$ cat data_35.cif   # mmCIF, C-alpha atoms, pLDDT in the B column; chains and numbers go by the auth columns
data_target
loop_
_atom_site.group_PDB
_atom_site.id
_atom_site.type_symbol
_atom_site.label_atom_id
_atom_site.label_comp_id
_atom_site.label_asym_id
_atom_site.label_seq_id
_atom_site.Cartn_x
_atom_site.Cartn_y
_atom_site.Cartn_z
_atom_site.B_iso_or_equiv
_atom_site.auth_seq_id
_atom_site.auth_asym_id
ATOM 1 C CA MET A 1 -93.929 121.398 -2.003 64.00 192 A
ATOM 2 C CA THR A 2 -92.873 119.000 0.718 79.00 193 A
ATOM 3 C CA VAL A 3 -89.557 119.490 2.470 84.00 194 A
ATOM 4 C CA THR A 4 -87.662 116.233 2.119 91.00 195 A
ATOM 5 C CA SER A 5 -84.291 115.430 3.638 93.00 196 A
ATOM 6 C CA GLU A 6 -82.760 115.866 0.167 93.00 197 A
ATOM 7 C CA ARG A 7 -84.245 119.366 -0.173 92.00 198 A
ATOM 8 C CA TYR A 8 -83.261 120.229 3.385 94.00 199 A
ATOM 9 C CA VAL A 9 -79.642 119.140 2.803 95.00 200 A
ATOM 10 C CA GLU A 10 -79.593 121.138 -0.434 94.00 201 A
ATOM 11 C CA MET A 11 -80.831 124.225 1.423 93.00 202 A
ATOM 12 C CA LEU A 12 -78.203 123.812 4.142 94.00 203 A
ATOM 13 C CA ARG A 13 -75.408 123.370 1.581 94.00 204 A
ATOM 14 C CA ASN A 14 -76.472 125.909 -1.011 94.00 205 A
ATOM 15 C CA TYR A 15 -77.994 128.627 1.133 92.00 206 A
ATOM 16 C CA LEU A 16 -77.188 128.406 4.842 93.00 207 A
ATOM 17 C CA ARG A 17 -73.499 127.536 4.610 93.00 208 A
ATOM 18 C CA PRO A 18 -72.688 130.258 2.020 93.00 209 A
ATOM 19 C CA GLN A 19 -74.665 132.848 4.000 92.00 210 A
ATOM 20 C CA LEU A 20 -72.805 132.012 7.203 92.00 211 A
ATOM 21 C CA ARG A 21 -69.505 132.406 5.340 92.00 212 A
ATOM 22 C CA ILE A 22 -70.585 135.769 3.903 92.00 213 A
ATOM 23 C CA LEU A 23 -71.560 136.937 7.392 90.00 214 A
ATOM 24 C CA LEU A 24 -68.206 135.711 8.773 92.00 215 A
ATOM 25 C CA VAL A 25 -69.941 133.647 11.449 88.00 216 A
ATOM 26 C CA ASN A 26 -67.566 131.943 13.861 88.00 217 A
ATOM 27 C CA MET A 27 -68.754 128.372 13.392 85.00 218 A
ATOM 28 C CA GLU A 28 -66.940 127.196 16.534 83.00 219 A
ATOM 29 C CA GLU A 29 -69.213 129.395 18.637 85.00 220 A
ATOM 30 C CA MET A 30 -72.444 128.924 16.635 86.00 221 A
ATOM 31 C CA TRP A 31 -75.124 126.516 17.836 87.00 222 A
ATOM 32 C CA PHE A 32 -77.652 125.060 15.399 88.00 223 A
ATOM 33 C CA GLN A 33 -81.141 124.250 16.670 85.00 224 A
ATOM 34 C CA GLN A 34 -83.821 122.316 14.828 85.00 225 A
ATOM 35 C CA ASP A 35 -86.920 120.384 15.772 80.00 226 A
ATOM 36 C CA GLY A 36 -87.581 116.693 15.284 81.00 227 A
ATOM 37 C CA ALA A 37 -89.128 116.920 11.804 86.00 228 A
ATOM 38 C CA THR A 38 -88.286 113.884 9.703 89.00 229 A
ATOM 39 C CA ALA A 39 -86.435 115.944 7.078 90.00 230 A
ATOM 40 C CA HIS A 40 -84.313 117.496 9.851 90.00 231 A
ATOM 41 C CA THR A 41 -83.411 114.239 11.565 90.00 232 A
ATOM 42 C CA ALA A 42 -82.800 112.030 8.528 94.00 233 A
ATOM 43 C CA ARG A 43 -79.335 110.474 8.418 94.00 234 A
ATOM 44 C CA ALA A 44 -78.113 112.683 5.543 95.00 235 A
ATOM 45 C CA SER A 45 -79.422 115.843 7.233 95.00 236 A
ATOM 46 C CA MET A 46 -77.891 115.040 10.614 94.00 237 A
ATOM 47 C CA THR A 47 -74.550 114.099 9.015 94.00 238 A
ATOM 48 C CA LEU A 48 -74.307 117.483 7.307 95.00 239 A
ATOM 49 C CA VAL A 49 -75.520 119.436 10.346 93.00 240 A
ATOM 50 C CA ARG A 50 -72.952 117.691 12.557 92.00 241 A
ATOM 51 C CA GLN A 51 -70.202 118.500 10.034 93.00 242 A
ATOM 52 C CA MET A 52 -71.219 122.156 9.860 93.00 243 A
ATOM 53 C CA PHE A 53 -71.737 122.588 13.630 92.00 244 A
ATOM 54 C CA PRO A 54 -69.493 120.038 15.382 89.00 245 A
ATOM 55 C CA GLN A 55 -70.663 119.398 18.940 87.00 246 A
ATOM 56 C CA HIS A 56 -73.110 122.314 18.644 88.00 247 A
ATOM 57 C CA VAL A 57 -76.356 120.738 17.483 88.00 248 A
ATOM 58 C CA VAL A 58 -79.632 120.959 19.392 85.00 249 A
ATOM 59 C CA SER A 59 -81.832 118.372 17.705 85.00 250 A
ATOM 60 C CA ARG A 60 -83.563 115.068 18.253 81.00 251 A
ATOM 61 C CA PHE A 61 -80.297 113.255 17.500 79.00 252 A
ATOM 62 C CA GLY A 62 -77.914 116.111 18.287 77.00 253 A
ATOM 63 C CA LYS A 63 -75.386 116.641 21.063 78.00 254 A
ATOM 64 C CA VAL A 64 -78.113 118.413 23.025 79.00 255 A
ATOM 65 C CA PRO A 65 -81.484 116.705 22.588 75.00 256 A
ATOM 66 C CA TRP A 66 -84.463 118.710 21.397 72.00 257 A
ATOM 67 C CA SER A 67 -87.298 118.235 23.830 67.00 258 A
ATOM 68 C CA PRO A 68 -90.502 117.351 21.970 60.00 259 A
ATOM 69 C CA ARG A 69 -92.475 119.548 24.364 57.00 260 A
ATOM 70 C CA SER A 70 -90.045 122.427 24.577 61.00 261 A
ATOM 71 C CA PRO A 71 -91.403 125.953 24.479 57.00 262 A
ATOM 72 C CA ASP A 72 -90.748 128.002 21.392 62.00 263 A
ATOM 73 C CA LEU A 73 -87.953 130.075 22.841 68.00 264 A
ATOM 74 C CA SER A 74 -86.205 131.226 19.687 74.00 265 A
ATOM 75 C CA GLY A 75 -87.221 134.378 17.850 77.00 266 A
ATOM 76 C CA CYS A 76 -87.761 132.428 14.655 78.00 267 A
ATOM 77 C CA ASP A 77 -90.263 130.127 16.338 77.00 268 A
ATOM 78 C CA PHE A 78 -92.271 132.635 18.325 76.00 269 A
ATOM 79 C CA PHE A 79 -92.097 135.561 15.902 84.00 270 A
ATOM 80 C CA LEU A 80 -90.441 135.315 12.496 85.00 271 A
ATOM 81 C CA TRP A 81 -92.192 132.319 10.899 83.00 272 A
ATOM 82 C CA GLY A 82 -95.695 133.577 11.691 86.00 273 A
ATOM 83 C CA TYR A 83 -94.798 137.143 10.759 89.00 274 A
ATOM 84 C CA LEU A 84 -93.375 136.057 7.398 90.00 275 A
ATOM 85 C CA LYS A 85 -96.384 133.878 6.618 90.00 276 A
ATOM 86 C CA SER A 86 -98.724 136.771 7.334 91.00 277 A
ATOM 87 C CA LYS A 87 -96.773 139.021 4.934 91.00 278 A
ATOM 88 C CA VAL A 88 -95.598 136.640 2.208 90.00 279 A
ATOM 89 C CA TYR A 89 -98.830 134.790 1.500 88.00 280 A
ATOM 90 C CA VAL A 90 -100.758 138.037 0.987 89.00 281 A
ATOM 91 C CA ARG A 91 -98.864 138.229 -2.319 85.00 282 A
ATOM 92 C CA LYS A 92 -99.961 134.688 -3.271 88.00 283 A
ATOM 93 C CA PRO A 93 -96.630 133.544 -4.734 87.00 284 A
ATOM 94 C CA ARG A 94 -97.175 131.115 -7.613 88.00 285 A
ATOM 95 C CA THR A 95 -93.685 129.654 -7.980 89.00 286 A
ATOM 96 C CA ILE A 96 -90.795 128.751 -5.691 87.00 287 A
ATOM 97 C CA ASP A 97 -88.810 131.660 -7.132 89.00 288 A
ATOM 98 C CA ASP A 98 -91.704 134.057 -6.378 90.00 289 A
ATOM 99 C CA LEU A 99 -91.838 132.662 -2.842 89.00 290 A
ATOM 100 C CA LYS A 100 -88.081 133.099 -2.334 89.00 291 A
ATOM 101 C CA VAL A 101 -88.162 136.681 -3.620 91.00 292 A
ATOM 102 C CA SER A 102 -91.130 137.512 -1.407 92.00 293 A
ATOM 103 C CA ILE A 103 -89.467 136.013 1.684 91.00 294 A
ATOM 104 C CA ARG A 104 -86.242 137.930 1.057 91.00 295 A
ATOM 105 C CA GLU A 105 -88.104 141.208 0.529 92.00 296 A
ATOM 106 C CA GLU A 106 -90.196 140.778 3.679 91.00 297 A
ATOM 107 C CA ILE A 107 -87.184 139.834 5.813 90.00 298 A
ATOM 108 C CA ALA A 108 -85.436 142.995 4.615 91.00 299 A
ATOM 109 C CA THR A 109 -88.374 145.129 5.780 92.00 300 A
ATOM 110 C CA VAL A 110 -88.880 143.719 9.285 91.00 301 A
ATOM 111 C CA PRO A 111 -89.031 146.841 11.478 92.00 302 A
ATOM 112 C CA GLN A 112 -85.984 147.335 13.711 91.00 303 A
ATOM 113 C CA GLU A 113 -88.271 148.012 16.680 92.00 304 A
ATOM 114 C CA ALA A 114 -89.917 144.608 16.198 90.00 305 A
ATOM 115 C CA LEU A 115 -86.523 142.882 16.293 89.00 306 A
ATOM 116 C CA VAL A 116 -85.581 144.717 19.489 91.00 307 A
ATOM 117 C CA ASN A 117 -88.877 143.637 21.088 90.00 308 A
ATOM 118 C CA VAL A 118 -88.352 140.049 19.951 88.00 309 A
ATOM 119 C CA MET A 119 -84.886 139.919 21.519 87.00 310 A
ATOM 120 C CA GLN A 120 -86.129 141.434 24.786 88.00 311 A
ATOM 121 C CA ASN A 121 -88.949 138.884 24.879 85.00 312 A
ATOM 122 C CA PHE A 122 -86.446 136.111 24.077 82.00 313 A
ATOM 123 C CA GLU A 123 -84.307 137.105 27.072 84.00 314 A
ATOM 124 C CA GLU A 124 -87.390 137.151 29.291 83.00 315 A
ATOM 125 C CA ARG A 125 -88.388 133.679 28.058 79.00 316 A
ATOM 126 C CA LEU A 126 -84.914 132.317 28.805 79.00 317 A
ATOM 127 C CA ARG A 127 -84.887 133.778 32.330 84.00 318 A
ATOM 128 C CA THR A 128 -88.346 132.335 32.985 80.00 319 A
ATOM 129 C CA CYS A 129 -87.295 128.949 31.637 77.00 320 A
ATOM 130 C CA VAL A 130 -84.287 128.911 33.983 81.00 321 A
ATOM 131 C CA ARG A 131 -86.393 130.038 36.978 82.00 322 A
ATOM 132 C CA GLN A 132 -88.917 127.278 36.223 76.00 323 A
ATOM 133 C CA GLN A 133 -86.080 124.737 35.851 74.00 324 A
ATOM 134 C CA GLY A 134 -87.473 123.739 32.454 67.00 325 A
ATOM 135 C CA ARG A 135 -90.985 123.094 33.768 66.00 326 A
ATOM 136 C CA HIS A 136 -94.188 124.462 32.241 64.00 327 A
ATOM 137 C CA LEU A 137 -94.067 128.146 31.328 62.00 328 A
ATOM 138 C CA SER A 138 -97.123 130.280 31.958 62.00 329 A
ATOM 139 C CA ASP A 139 -98.782 131.793 28.910 55.00 330 A
ATOM 140 C CA THR A 140 -98.158 135.299 30.246 47.00 331 A
ATOM 141 C CA ILE A 141 -94.677 135.418 28.727 46.00 332 A
ATOM 142 C CA PHE A 142 -96.033 134.577 25.272 45.00 333 A
ATOM 143 C CA ARG A 143 -97.621 137.946 24.723 46.00 334 A
ATOM 144 C CA SER A 144 -96.948 140.026 21.620 44.00 335 A
#
$ encode --input "data_35.cif" --output "structure tokens"
Amino acid sequence: MTVTSERYVEMLRNYLRPQLRILLVNMEEMWFQQDGATAHTARASMTLVRQMFPQHVVSRFGKVPWSPRSPDLSGCDFFLWGYLKSKVYVRKPRTIDDLKVSIREEIATVPQEALVNVMQNFEERLRTCVRQQGRHLSDTIFRS
């Protein structure tokens, strides 16, 4: 299934926004980061993202531009997506509902130690990025 701007907006409205409310996230302090994928930067998507995260959007057309060559600094980019794919697709989900259930179950079982390591690595990546003044980052910080 292809992620279209319509599906992306639906996910933001029907999943992300309710989850942030449940978690009591302070939306005035939250920043939202997304890459330049067409579904993410479509007019309808950007309108909703800007409404949800006023002045706190890192994106191709956001308040803070997303650099097309930026390093994957966030934990989702350098850890979670690959980890989930390696776990979820072993089950070979056949339907969207099967996929959703599998993703939720795998997220719930991510080892605490792995999350601690991810956050420590994230902090190291940020410090290196600042030291390098945004220039090329050596591959040594992208270890597992």
$ residues_around --input "data_35.cif" --residues "Leu290 in chain A" --least-positions-apart "4" --cutoff "12 Å" --atoms "only C-alpha atoms" --output "mmCIF file with C-alpha atoms, keeping the file's coordinate frame"
data_model
loop_
_atom_site.group_PDB
_atom_site.id
_atom_site.type_symbol
_atom_site.label_atom_id
_atom_site.label_comp_id
_atom_site.auth_asym_id
_atom_site.auth_seq_id
_atom_site.Cartn_x
_atom_site.Cartn_y
_atom_site.Cartn_z
ATOM 1 C CA MET A 192 -93.929 121.398 -2.003
ATOM 2 C CA LEU A 275 -93.375 136.057 7.398
ATOM 3 C CA LYS A 276 -96.384 133.878 6.618
ATOM 4 C CA LYS A 278 -96.773 139.021 4.934
ATOM 5 C CA VAL A 279 -95.598 136.640 2.208
ATOM 6 C CA TYR A 280 -98.830 134.790 1.500
ATOM 7 C CA VAL A 281 -100.758 138.037 0.987
ATOM 8 C CA ARG A 282 -98.864 138.229 -2.319
ATOM 9 C CA LYS A 283 -99.961 134.688 -3.271
ATOM 10 C CA PRO A 284 -96.630 133.544 -4.734
ATOM 11 C CA ARG A 285 -97.175 131.115 -7.613
ATOM 12 C CA THR A 286 -93.685 129.654 -7.980
ATOM 13 C CA ILE A 294 -89.467 136.013 1.684
ATOM 14 C CA ARG A 295 -86.242 137.930 1.057
ATOM 15 C CA GLU A 296 -88.104 141.208 0.529
ATOM 16 C CA GLU A 297 -90.196 140.778 3.679
#
$ resolve_selection --input "data_35.cif" --expression "the PyMOL selection byres ((chain A and resi 226) around 8)" --output "PyMOL selection string"
chain A and resi 224-225+227-228+231+250-251+257+259
$ resolve_selection --input "data_35.cif" --expression "the PyMOL selection byres ((chain A and resi 199-207) around 10)" --output "list of chain:residue names"
A:Val194, A:Thr195, A:Ser196, A:Glu197, A:Arg198, A:Arg208, A:Pro209, A:Gln210, A:Leu211, A:Arg212, A:Ile213, A:Ala230, A:His231, A:Ala233, A:Ala235, A:Ser236, A:Met237, A:Thr238, A:Leu239, A:Val240, A:Met243
$ write_last_selection --input "data_35.cif" --atoms "C-alpha atoms" --output "mmCIF file, in the frame of the given file"
data_model
loop_
_atom_site.group_PDB
_atom_site.id
_atom_site.type_symbol
_atom_site.label_atom_id
_atom_site.label_comp_id
_atom_site.auth_asym_id
_atom_site.auth_seq_id
_atom_site.Cartn_x
_atom_site.Cartn_y
_atom_site.Cartn_z
ATOM 1 C CA VAL A 194 -89.557 119.490 2.470
ATOM 2 C CA THR A 195 -87.662 116.233 2.119
ATOM 3 C CA SER A 196 -84.291 115.430 3.638
ATOM 4 C CA GLU A 197 -82.760 115.866 0.167
ATOM 5 C CA ARG A 198 -84.245 119.366 -0.173
ATOM 6 C CA ARG A 208 -73.499 127.536 4.610
ATOM 7 C CA PRO A 209 -72.688 130.258 2.020
ATOM 8 C CA GLN A 210 -74.665 132.848 4.000
ATOM 9 C CA LEU A 211 -72.805 132.012 7.203
ATOM 10 C CA ARG A 212 -69.505 132.406 5.340
ATOM 11 C CA ILE A 213 -70.585 135.769 3.903
ATOM 12 C CA ALA A 230 -86.435 115.944 7.078
ATOM 13 C CA HIS A 231 -84.313 117.496 9.851
ATOM 14 C CA ALA A 233 -82.800 112.030 8.528
ATOM 15 C CA ALA A 235 -78.113 112.683 5.543
ATOM 16 C CA SER A 236 -79.422 115.843 7.233
ATOM 17 C CA MET A 237 -77.891 115.040 10.614
ATOM 18 C CA THR A 238 -74.550 114.099 9.015
ATOM 19 C CA LEU A 239 -74.307 117.483 7.307
ATOM 20 C CA VAL A 240 -75.520 119.436 10.346
ATOM 21 C CA MET A 243 -71.219 122.156 9.860
#
$ closest_residue --input "data_35.cif" --among "A:Arg241, A:Phe223, A:His247, A:Ser265" --to "Asn312 in chain A" --atoms "all atoms listed in the file"
A:Ser265
$ closest_residue --input "data_35.cif" --among "A:Leu271, A:Asp288, A:Gln246, A:Gly266" --to "Glu315 in chain A" --atoms "all atoms listed in the file"
A:Gly266
